[in-house]
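Student: The structure file model16.txt (compact mmCIF, C-alpha atoms) is provided below.
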# COMPACT_ATOMS: atom_id res chain seq x y z
CA MET K 1 66.79 103.66 62.94
CA VAL K 2 69.91 101.58 62.64
CA TYR K 3 71.66 104.72 61.50
CA ARG K 4 70.36 106.68 64.49
CA THR K 5 71.48 104.06 66.99
CA THR K 6 74.88 103.95 65.41
CA SER K 7 75.08 107.72 65.49
CA LEU K 8 74.15 107.84 69.19
CA ARG K 9 76.69 105.21 69.93
CA LEU K 10 79.35 107.11 68.03
CA ASP K 11 78.53 110.19 70.09
CA ARG K 12 78.83 108.22 73.30
CA ASP K 13 82.11 106.76 72.11
CA GLN K 14 83.39 110.20 71.26
CA ALA K 15 82.36 111.52 74.67
CA LEU K 16 84.13 108.67 76.45
CA ARG K 17 87.23 109.19 74.35
CA SER K 18 87.28 112.89 75.28
CA ARG K 19 86.84 112.05 78.93
CA ILE K 20 89.72 109.57 78.82
CA LEU K 21 91.92 112.22 77.22
CA ASP K 22 90.90 114.83 79.83
CA CYS K 23 91.70 112.48 82.71
CA ALA K 24 94.97 111.45 81.05
CA MET K 25 95.96 115.11 80.57
CA GLN K 26 95.24 115.76 84.24
CA ARG K 27 97.53 112.89 85.23
CA VAL K 28 100.35 114.11 82.98
CA ALA K 29 99.96 117.69 84.23
CA GLU K 30 100.28 116.46 87.81
CA GLY K 31 102.88 113.72 87.58
CA GLY K 32 104.23 113.61 84.04
CA PHE K 33 103.93 110.73 81.59
CA ALA K 34 105.38 108.47 84.29
CA SER K 35 102.05 108.69 86.14
CA LEU K 36 99.99 107.71 83.10
CA ALA K 37 99.31 104.11 84.17
CA MET K 38 96.40 102.50 82.31
CA GLN K 39 94.83 100.89 85.36
CA ALA K 40 94.89 104.03 87.51
CA LEU K 41 93.57 106.02 84.58
CA ALA K 42 90.68 103.58 84.11
CA GLU K 43 89.78 104.17 87.77
CA ASP K 44 89.87 107.96 87.26
CA VAL K 45 87.56 107.65 84.26
CA GLY K 46 85.35 105.07 85.98
CA VAL K 47 85.60 102.37 83.30
CA ALA K 48 87.27 98.98 82.97
CA THR K 49 90.86 98.98 81.72
CA GLY K 50 89.66 97.10 78.62
CA SER K 51 87.53 100.11 77.62
CA LEU K 52 90.65 102.26 77.46
CA TYR K 53 92.22 99.82 75.04
CA ARG K 54 89.17 100.02 72.76
CA HIS K 55 90.00 103.70 72.30
CA PHE K 56 93.79 103.63 72.44
CA ARG K 57 95.68 100.56 71.34
CA SER K 58 98.55 101.12 73.76
CA LYS K 59 99.82 103.42 76.46
CA GLY K 60 102.21 104.85 73.89
CA GLU K 61 99.35 105.76 71.55
CA LEU K 62 97.42 107.40 74.39
CA ALA K 63 100.51 109.30 75.55
CA ALA K 64 101.10 110.52 71.99
CA GLU K 65 97.50 111.80 71.79
CA VAL K 66 97.81 113.62 75.11
CA PHE K 67 101.07 115.12 73.92
CA ALA K 68 99.54 116.25 70.62
CA LEU K 69 96.49 117.75 72.35
CA ALA K 70 98.60 119.76 74.80
CA SER K 71 101.11 120.79 72.14
CA ARG K 72 98.41 121.95 69.71
CA ARG K 73 97.22 124.36 72.40
CA GLU K 74 100.73 125.72 72.98
CA VAL K 75 101.49 126.12 69.29
CA ALA K 76 98.12 127.82 68.70
CA ALA K 77 98.72 130.22 71.60
CA LEU K 78 102.17 131.13 70.24
CA ALA K 79 100.79 131.54 66.71
CA THR K 80 98.14 133.93 68.04
CA ALA K 81 100.74 136.00 69.89
CA PHE K 82 103.00 136.17 66.83
CA ALA K 83 100.06 137.18 64.60
CA ALA K 84 98.94 140.06 66.88
CA PRO K 85 99.29 143.65 65.66
CA GLY K 86 102.62 145.39 66.38
CA MET K 87 106.24 145.42 65.30
CA PRO K 88 107.95 142.04 64.82
CA GLY K 89 110.23 142.67 67.84
CA GLU K 90 107.27 143.35 70.12
CA ARG K 91 105.45 140.27 68.88
CA LEU K 92 108.50 138.09 69.37
CA ALA K 93 108.87 139.43 72.92
CA GLN K 94 105.18 138.99 73.65
CA GLY K 95 105.12 135.44 72.29
CA ILE K 96 108.15 134.41 74.35
CA LEU K 97 106.69 136.05 77.47
CA GLN K 98 103.41 134.22 77.05
CA PHE K 99 105.10 130.88 76.30
CA ALA K 100 107.39 131.36 79.30
CA ALA K 101 104.46 132.17 81.60
CA ARG K 102 102.56 129.07 80.49
CA ALA K 103 105.63 126.86 80.94
CA TRP K 104 106.58 128.43 84.27
CA HIS K 105 103.13 127.99 85.77
CA SER K 106 102.64 124.42 84.51
CA ARG K 107 106.14 123.14 85.11
CA GLN K 108 105.25 119.50 85.34
CA LEU K 109 103.28 119.57 82.11
CA ALA K 110 105.92 121.65 80.33
CA PHE K 111 108.66 119.30 81.46
CA ALA K 112 106.61 116.28 80.41
CA LEU K 113 106.00 117.79 76.99
CA ILE K 114 109.56 118.87 76.24
CA ALA K 115 111.96 116.75 78.22
CA GLU K 116 110.54 113.75 80.11
CA PRO K 117 111.89 110.41 78.86
CA VAL K 118 108.91 108.68 77.25
CA GLU K 119 107.62 106.17 74.71
CA PRO K 120 108.97 106.47 71.16
CA GLU K 121 105.47 107.43 69.92
CA VAL K 122 105.76 110.62 71.98
CA ASP K 123 109.27 111.29 70.68
CA GLU K 124 107.85 111.27 67.14
CA GLN K 125 105.23 113.83 68.16
CA ARG K 126 107.95 115.90 69.80
CA LEU K 127 109.86 116.11 66.55
CA PHE K 128 106.67 117.13 64.73
CA TYR K 129 105.83 119.89 67.21
CA ARG K 130 109.39 121.16 67.52
CA GLU K 131 109.23 121.67 63.76
CA ALA K 132 105.90 123.47 64.23
CA TYR K 133 107.49 125.86 66.75
CA ALA K 134 110.46 126.40 64.46
CA ASP K 135 108.05 127.16 61.59
CA LEU K 136 106.35 129.85 63.69
CA PHE K 137 109.68 131.46 64.59
CA SER K 138 110.84 131.25 60.96
CA GLY K 139 107.68 133.00 59.79
CA LEU K 140 108.07 135.89 62.22
CA LEU K 141 111.80 136.15 61.50
CA GLU K 142 111.12 136.37 57.79
CA GLU K 143 108.65 139.18 58.36
CA GLY K 144 111.10 141.00 60.61
CA VAL K 145 113.93 140.64 58.11
CA ARG K 146 111.73 142.03 55.32
CA SER K 147 110.71 145.00 57.44
CA GLY K 148 114.31 145.61 58.51
CA ASP K 149 113.55 144.92 62.19
CA PHE K 150 115.71 141.80 62.41
CA GLN K 151 119.13 141.05 60.93
CA VAL K 152 119.17 137.33 60.22
CA GLU K 153 120.82 135.42 57.38
CA GLN K 154 119.85 131.81 57.90
CA LEU K 155 116.24 131.92 59.11
CA ARG K 156 115.86 128.22 59.83
CA LEU K 157 119.06 127.94 61.85
CA VAL K 158 118.21 130.97 63.94
CA ALA K 159 114.68 129.65 64.52
CA THR K 160 116.26 126.37 65.66
CA CYS K 161 118.59 128.21 68.07
CA LEU K 162 115.63 130.13 69.51
CA VAL K 163 113.66 126.92 70.08
CA GLY K 164 116.72 125.39 71.78
CA ALA K 165 117.47 128.41 73.96
CA ILE K 166 113.87 128.84 75.08
CA ALA K 167 113.31 125.14 75.75
CA GLU K 168 116.55 124.76 77.74
CA SER K 169 116.00 127.93 79.78
CA LEU K 170 112.41 127.13 80.71
CA VAL K 171 112.13 123.38 81.03
CA GLY K 172 115.52 121.88 80.29
CA PRO K 173 117.52 120.27 83.08
CA LEU K 174 119.48 123.51 83.59
CA SER K 175 116.47 125.81 83.73
CA PRO K 176 115.67 127.84 86.85
CA PRO K 177 112.45 125.84 87.47
CA ALA K 178 114.37 122.57 87.20
CA ARG K 179 117.00 123.92 89.58
CA VAL K 180 114.32 125.00 92.05
CA ALA K 181 113.02 121.45 91.94
CA ARG K 182 116.49 119.89 92.36
CA GLU K 183 117.93 122.24 94.91
CA ALA K 184 114.69 122.63 96.86
CA GLY K 185 114.79 126.40 96.65
CA GLY K 186 118.26 127.97 96.61
CA ALA K 187 118.75 131.48 95.27
CA VAL K 188 117.16 130.81 91.90
CA PRO K 189 115.75 133.85 90.05
CA GLY K 190 112.00 134.24 89.65
CA PHE K 191 109.77 134.45 86.61
CA ALA K 192 109.93 138.20 85.95
CA GLU K 193 113.72 138.33 85.88
CA THR K 194 114.08 135.08 83.94
CA SER K 195 111.57 135.99 81.23
CA ARG K 196 113.00 139.50 80.86
CA ASN K 197 116.52 138.14 80.39
CA LEU K 198 115.33 135.41 78.03
CA ILE K 199 113.55 137.99 75.86
CA THR K 200 116.65 140.21 75.79
CA PHE K 201 118.75 137.20 74.79
CA CYS K 202 116.42 136.29 71.90
CA LEU K 203 115.87 139.81 70.60
CA ARG K 204 119.57 140.54 70.59
CA ALA K 205 120.31 137.22 68.93
CA VAL K 206 118.07 138.12 65.98
CA GLY K 207 119.65 141.55 65.68
CA ALA K 208 116.55 143.46 66.79
CA LYS K 209 117.10 147.21 67.06
CA GLY K 210 117.45 148.76 70.49
CA TYR K 211 118.52 145.62 72.39
CA MET Z 1 155.25 87.37 95.47
CA VAL Z 2 151.58 87.34 96.32
CA TYR Z 3 151.64 91.12 96.06
CA ARG Z 4 153.32 91.01 92.65
CA THR Z 5 150.77 88.58 91.25
CA THR Z 6 147.93 90.75 92.50
CA SER Z 7 149.50 93.83 91.00
CA LEU Z 8 149.98 92.15 87.62
CA ARG Z 9 146.43 90.98 87.71
CA LEU Z 10 145.20 94.47 88.51
CA ASP Z 11 147.16 95.80 85.53
CA ARG Z 12 145.63 93.16 83.28
CA ASP Z 13 142.19 93.99 84.63
CA GLN Z 14 142.76 97.66 84.00
CA ALA Z 15 143.95 96.96 80.45
CA LEU Z 16 140.88 94.83 79.72
CA ARG Z 17 138.61 97.49 81.17
CA SER Z 18 140.19 100.12 78.90
CA ARG Z 19 139.83 97.85 75.90
CA ILE Z 20 136.16 97.26 76.67
CA LEU Z 21 135.61 101.02 76.91
CA ASP Z 22 137.45 101.63 73.62
CA CYS Z 23 135.36 99.05 71.79
CA ALA Z 24 132.18 100.38 73.39
CA MET Z 25 133.06 103.94 72.34
CA GLN Z 26 133.63 102.74 68.79
CA ARG Z 27 130.18 101.12 68.74
CA VAL Z 28 128.49 104.25 70.10
CA ALA Z 29 130.37 106.47 67.62
CA GLU Z 30 129.16 104.27 64.77
CA GLY Z 31 125.63 103.37 65.77
CA GLY Z 32 124.74 105.25 68.94
CA PHE Z 33 123.92 103.73 72.32
CA ALA Z 34 121.33 101.56 70.56
CA SER Z 35 124.18 99.51 69.09
CA LEU Z 36 125.85 98.91 72.45
CA ALA Z 37 124.66 95.32 72.90
CA MET Z 38 126.66 93.39 75.48
CA GLN Z 39 126.97 90.22 73.44
CA ALA Z 40 128.15 91.94 70.27
CA LEU Z 41 130.55 94.03 72.34
CA ALA Z 42 132.00 90.90 73.97
CA GLU Z 43 132.70 89.58 70.47
CA ASP Z 44 134.43 92.84 69.49
CA VAL Z 45 136.62 92.65 72.59
CA GLY Z 46 137.19 88.92 72.19
CA VAL Z 47 136.00 87.87 75.65
CA ALA Z 48 133.00 86.05 77.08
CA THR Z 49 129.96 88.20 77.89
CA GLY Z 50 130.44 87.31 81.57
CA SER Z 51 133.81 89.11 81.55
CA LEU Z 52 132.09 92.34 80.59
CA TYR Z 53 129.81 92.04 83.58
CA ARG Z 54 132.81 91.62 85.90
CA HIS Z 55 133.84 95.14 84.86
CA PHE Z 56 130.45 96.80 84.40
CA ARG Z 57 127.47 95.65 86.40
CA SER Z 58 124.97 96.54 83.69
CA LYS Z 59 124.66 97.94 80.20
CA GLY Z 60 123.47 101.16 81.79
CA GLU Z 61 126.64 101.44 83.87
CA LEU Z 62 128.81 100.79 80.82
CA ALA Z 63 126.86 103.30 78.73
CA ALA Z 64 127.24 105.90 81.48
CA GLU Z 65 131.03 105.33 81.53
CA VAL Z 66 131.27 105.68 77.76
CA PHE Z 67 129.22 108.83 77.97
CA ALA Z 68 131.40 110.30 80.73
CA LEU Z 69 134.60 109.43 78.86
CA ALA Z 70 133.45 111.09 75.63
CA SER Z 71 131.96 114.09 77.44
CA ARG Z 72 135.11 114.70 79.49
CA ARG Z 73 137.02 115.06 76.21
CA GLU Z 74 134.48 117.55 74.83
CA VAL Z 75 134.35 119.61 78.01
CA ALA Z 76 138.16 119.66 78.23
CA ALA Z 77 138.45 120.78 74.58
CA LEU Z 78 135.96 123.60 75.17
CA ALA Z 79 137.70 124.63 78.39
CA THR Z 80 141.01 124.84 76.51
CA ALA Z 81 139.46 126.99 73.77
CA PHE Z 82 137.86 129.32 76.29
CA ALA Z 83 141.13 129.65 78.24
CA ALA Z 84 143.21 130.58 75.17
CA PRO Z 85 144.66 134.10 74.89
CA GLY Z 86 142.44 136.73 73.26
CA MET Z 87 139.38 138.84 73.88
CA PRO Z 88 136.34 137.09 75.45
CA GLY Z 89 134.34 137.48 72.22
CA GLU Z 90 137.05 135.81 70.13
CA ARG Z 91 137.39 132.98 72.62
CA LEU Z 92 133.63 132.42 72.71
CA ALA Z 93 133.58 132.33 68.90
CA GLN Z 94 136.57 130.02 68.74
CA GLY Z 95 135.14 127.65 71.36
CA ILE Z 96 131.79 127.41 69.56
CA LEU Z 97 133.52 126.88 66.20
CA GLN Z 98 135.62 124.06 67.60
CA PHE Z 99 132.68 122.45 69.40
CA ALA Z 100 130.59 122.73 66.24
CA ALA Z 101 133.32 121.16 64.11
CA ARG Z 102 133.68 118.22 66.49
CA ALA Z 103 129.91 117.69 66.61
CA TRP Z 104 129.48 118.11 62.86
CA HIS Z 105 132.17 115.61 62.00
CA SER Z 106 131.09 113.01 64.55
CA ARG Z 107 127.36 113.36 64.14
CA GLN Z 108 126.42 109.94 65.39
CA LEU Z 109 128.52 110.31 68.55
CA ALA Z 110 127.33 113.87 69.14
CA PHE Z 111 123.70 112.81 68.71
CA ALA Z 112 124.23 109.85 71.02
CA LEU Z 113 125.79 112.08 73.66
CA ILE Z 114 123.22 114.86 73.59
CA ALA Z 115 119.93 113.54 72.34
CA GLU Z 116 119.62 109.76 71.89
CA PRO Z 117 117.01 108.18 74.17
CA VAL Z 118 118.98 106.02 76.61
CA GLU Z 119 119.23 104.37 80.01
CA PRO Z 120 118.53 106.60 83.04
CA GLU Z 121 122.18 106.22 84.14
CA VAL Z 122 123.19 108.13 81.01
CA ASP Z 123 120.55 110.79 81.62
CA GLU Z 124 122.12 111.45 85.01
CA GLN Z 125 125.51 111.91 83.36
CA ARG Z 126 123.90 114.21 80.79
CA LEU Z 127 122.64 116.47 83.54
CA PHE Z 128 126.09 116.53 85.12
CA TYR Z 129 127.87 117.41 81.88
CA ARG Z 130 125.26 119.95 80.77
CA GLU Z 131 126.01 121.69 84.04
CA ALA Z 132 129.72 121.44 83.24
CA TYR Z 133 129.18 123.14 79.85
CA ALA Z 134 127.02 125.81 81.47
CA ASP Z 135 129.78 126.40 84.05
CA LEU Z 136 132.30 126.98 81.27
CA PHE Z 137 130.02 129.45 79.50
CA SER Z 138 129.24 131.20 82.81
CA GLY Z 139 132.95 131.60 83.53
CA LEU Z 140 133.69 133.18 80.16
CA LEU Z 141 130.57 135.36 80.35
CA GLU Z 142 131.64 136.65 83.76
CA GLU Z 143 135.06 137.55 82.41
CA GLY Z 144 133.50 139.29 79.40
CA VAL Z 145 131.07 141.24 81.56
CA ARG Z 146 133.93 142.40 83.81
CA SER Z 147 135.99 143.54 80.83
CA GLY Z 148 132.97 145.26 79.26
CA ASP Z 149 132.97 142.97 76.22
CA PHE Z 150 129.60 141.34 77.00
CA GLN Z 151 126.39 142.87 78.32
CA VAL Z 152 124.74 140.17 80.40
CA GLU Z 153 122.68 140.49 83.58
CA GLN Z 154 121.84 136.92 84.56
CA LEU Z 155 124.96 134.91 83.74
CA ARG Z 156 123.54 131.50 84.52
CA LEU Z 157 120.38 131.96 82.47
CA VAL Z 158 122.32 133.22 79.46
CA ALA Z 159 124.78 130.31 79.78
CA THR Z 160 121.77 127.96 79.82
CA CYS Z 161 120.33 129.59 76.69
CA LEU Z 162 123.68 129.23 74.92
CA VAL Z 163 123.90 125.54 75.80
CA GLY Z 164 120.33 125.07 74.53
CA ALA Z 165 120.84 127.00 71.29
CA ILE Z 166 124.12 125.27 70.45
CA ALA Z 167 122.85 121.79 71.30
CA GLU Z 168 119.63 122.21 69.30
CA SER Z 169 121.35 123.73 66.28
CA LEU Z 170 124.08 121.10 66.08
CA VAL Z 171 122.56 117.83 67.23
CA GLY Z 172 118.95 118.48 68.15
CA PRO Z 173 116.18 117.00 66.00
CA LEU Z 174 115.86 120.31 64.12
CA SER Z 175 119.59 120.73 63.42
CA PRO Z 176 120.90 120.81 59.86
CA PRO Z 177 122.78 117.49 60.37
CA ALA Z 178 119.59 115.84 61.66
CA ARG Z 179 117.67 117.23 58.71
CA VAL Z 180 120.29 115.92 56.31
CA ALA Z 181 119.82 112.52 57.88
CA ARG Z 182 116.01 112.68 57.74
CA GLU Z 183 115.55 114.26 54.35
CA ALA Z 184 118.43 112.38 52.74
CA GLY Z 185 120.09 115.52 51.49
CA GLY Z 186 117.74 118.40 50.58
CA ALA Z 187 119.08 121.95 50.40
CA VAL Z 188 120.49 121.98 53.92
CA PRO Z 189 123.29 124.45 54.62
CA GLY Z 190 126.82 123.20 55.19
CA PHE Z 191 129.20 123.51 58.11
CA ALA Z 192 130.84 126.85 57.28
CA GLU Z 193 127.55 128.72 56.92
CA THR Z 194 125.93 127.02 59.90
CA SER Z 195 128.82 127.64 62.29
CA ARG Z 196 129.20 131.26 61.15
CA ASN Z 197 125.52 131.94 61.77
CA LEU Z 198 125.54 130.11 65.09
CA ILE Z 199 128.50 132.19 66.28
CA THR Z 200 126.78 135.42 65.20
CA PHE Z 201 123.65 134.32 67.07
CA CYS Z 202 125.57 133.63 70.29
CA LEU Z 203 127.79 136.71 70.20
CA ARG Z 204 124.84 139.01 69.58
CA ALA Z 205 122.83 137.29 72.29
CA VAL Z 206 125.50 138.10 74.90
CA GLY Z 207 125.69 141.70 73.70
CA ALA Z 208 129.22 141.40 72.25
CA LYS Z 209 130.40 144.57 70.53
CA GLY Z 210 130.44 144.67 66.73
CA TYR Z 211 127.87 141.92 66.08
Using the file provided, produce a representation of the structure as structure tokens.
Tutor:
Amino acid sequence: MVYRTTSLRLDRDQALRSRILDCAMQRVAEGGFASLAMQALAEDVGVATGSLYRHFRSKGELAAEVFALASRREVAALATAFAAPGMPGERLAQGILQFAARAWHSRQLAFALIAEPVEPEVDEQRLFYREAYADLFSGLLEEGVRSGDFQVEQLRLVATCLVGAIAESLVGPLSPPARVAREAGGAVPGFAETSRNLITFCLRAVGAKGY
Amino acid sequence: MVYRTTSLRLDRDQALRSRILDCAMQRVAEGGFASLAMQALAEDVGVATGSLYRHFRSKGELAAEVFALASRREVAALATAFAAPGMPGERLAQGILQFAARAWHSRQLAFALIAEPVEPEVDEQRLFYREAYADLFSGLLEEGVRSGDFQVEQLRLVATCLVGAIAESLVGPLSPPARVAREAGGAVPGFAETSRNLITFCLRAVGAKGY
């Protein structure tokens, strides 16, 4: 009986924790980590601010969890694209296209994840997930080098360059979406052109045939 | 006479301001912006902390000036390399090699300039100078496209990708120097190999002949 009560309570706790994370994610997706204020979040969830602190010791810890949750999804989506059937070049192109589409259509979230100045806890997560992206690129590069589809000597460096190029072009301060935001809509190219050129850049850079 | 006194005083003020900036640059080069504490800096310069604030209203303002001073040097060095005689591909390679050498041999300063979390005033300067780098790359790309040496459709996007790839590979959290620092010296490739592979990456990415 004691066990059952405890178990029910754990379930309720888990449900509340999930709801806090969902509401926090919504805030970050709409206004970045800057809009993740504990008091406003408590109102969204419909609990007292103190309840948030029972689940997350600090705003930094909560922000890091939101970051990890969102990043796990992105990394998993990229891993799935890279693991699809097809030649390494096609899979690289498809993975970049999908990543670009997700970033382009959730600009605020993508910017928050990759570039927004935030708590050091989030910076630690960033390092972890940047490594995870680089691992995925390294894996596909290795496959492509073995099959003769890519010409790459230093896998890890090239994976790092790809992560840098893709991040800067999609969500960095110089990216077309960032320029749209800054210049309130000058002649900035759209998604189709940007993603096509980004894919060409990356495939050429790894020495893929036919680019 | 009044005029002469004022002029002398302005000279002295200017000299002190330069000395403050020199000492601040030294601190940033050795320990990043994190080590730019006003009180310690005042001791380096040999003045009271209040004197610093007569020249720079805040630590953020001082940090932004240090950033701009260091970045102007880097941008000027890259502009000189890109403007040298030779084919566009050679000049791109030479510019990247020189930039890489400067970053590699002043890791702490390079990291501070590109990636260290800092005051928002510095972030604004970062945006400005990232644009300046992208402008330089765009200019050389345009020349190379005209001469038929590069095959690039969207100059600005490709310039952005180059800035991202170079920054990430040299001073980003995934870069070999950063990994040396984190892993205290595993089997991380050295400068010659890293710069050669980075140059190959960039020249291929812009469709340069023979890469």
Student: In Å to one decimal, how far is CA of Phe201 in chain K from CA of Leu69 in chain K?
Tutor: 29.7 Å
Student: For CA of Gly89 in chain K and CA of Leu127 in chain K, determine how far apart the two atoms are, in Å to one decimal place.
Tutor: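 These two atoms are separated by 26.6 Å.
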Student: Using all atoms listed in the file, which chain Z residues lie at most 8 Å away from chain K, written as a ChimeraX atom specification?
Tutor: /Z:117,127,130-131,153-154,157-158,160-169,173-176,194,197-198,200-207
Student: Mind giving me the straight-line distance from CA of Ala40 in chain Z to CA of Arg73 in chain Z in Å, one decimal?
Tutor: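 Straight-line distance from CA of Ala40 in chain Z to CA of Arg73 in chain Z works out to 25.5 Å.
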Student: Near Ala48 in chain Z, within 10 Å and counting only C-alpha atoms, which residues show up once chain neighbours fewer than 6 positions away are dropped, as a VMD selection string?
Tutor: chain Z and resid 38 to 39 41 to 42
Student: Select, counting all atoms listed in the file, all protein, DNA and RNA residues no farther than 8 Å from (125.2, 97.6, 80.2) in file coordinates, and express the selection as an mmCIF file with C-alpha atoms, in the coordinates of the input.
Tutor:
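Everything below was put into result39.cif:
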data_model
loop_
_atom_site.group_PDB
_atom_site.id
_atom_site.type_symbol
_atom_site.label_atom_id
_atom_site.label_comp_id
_atom_site.auth_asym_id
_atom_site.auth_seq_id
_atom_site.Cartn_x
_atom_site.Cartn_y
_atom_site.Cartn_z
ATOM 1 C CA LEU Z 36 125.850 98.910 72.450
ATOM 2 C CA ALA Z 37 124.660 95.320 72.900
ATOM 3 C CA MET Z 38 126.660 93.390 75.480
ATOM 4 C CA TYR Z 53 129.810 92.040 83.580
ATOM 5 C CA PHE Z 56 130.450 96.800 84.400
ATOM 6 C CA ARG Z 57 127.470 95.650 86.400
ATOM 7 C CA SER Z 58 124.970 96.540 83.690
ATOM 8 C CA LYS Z 59 124.660 97.940 80.200
ATOM 9 C CA GLY Z 60 123.470 101.160 81.790
ATOM 10 C CA GLU Z 61 126.640 101.440 83.870
ATOM 11 C CA LEU Z 62 128.810 100.790 80.820
ATOM 12 C CA ALA Z 63 126.860 103.300 78.730
#
Student: Within 9 Å of Tyr129 in chain Z, counting only C-alpha atoms, which residues qualify if same-chain residues fewer than 3 places away don't, as a PyMOL selection string?
Tutor: chain Z and resi 68+71-72+75+124-126+132-134
Student: Mind dumping the selected residues with C-alpha atoms as a PDB file, in the frame of the given file?
Tutor:
ATOM      1  CA  ALA Z  68     131.400 110.300  80.730  1.00  0.00           C
ATOM      2  CA  SER Z  71     131.960 114.090  77.440  1.00  0.00           C
ATOM      3  CA  ARG Z  72     135.110 114.700  79.490  1.00  0.00           C
ATOM      4  CA  VAL Z  75     134.350 119.610  78.010  1.00  0.00           C
ATOM      5  CA  GLU Z 124     122.120 111.450  85.010  1.00  0.00           C
ATOM      6  CA  GLN Z 125     125.510 111.910  83.360  1.00  0.00           C
ATOM      7  CA  ARG Z 126     123.900 114.210  80.790  1.00  0.00           C
ATOM      8  CA  ALA Z 132     129.720 121.440  83.240  1.00  0.00           C
ATOM      9  CA  TYR Z 133     129.180 123.140  79.850  1.00  0.00           C
ATOM     10  CA  ALA Z 134     127.020 125.810  81.470  1.00  0.00           C
TER      11      ALA Z 134
END
Student: Please determine, counting all atoms listed in the file, which residue among Z:Leu140, Z:Ala101, Z:Val145, Z:Ala15 has the shortest atom-to-atom distance to Gly86 in chain Z.
Tutor: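 Under the stated criterion, the closest residue is Z:Leu140.
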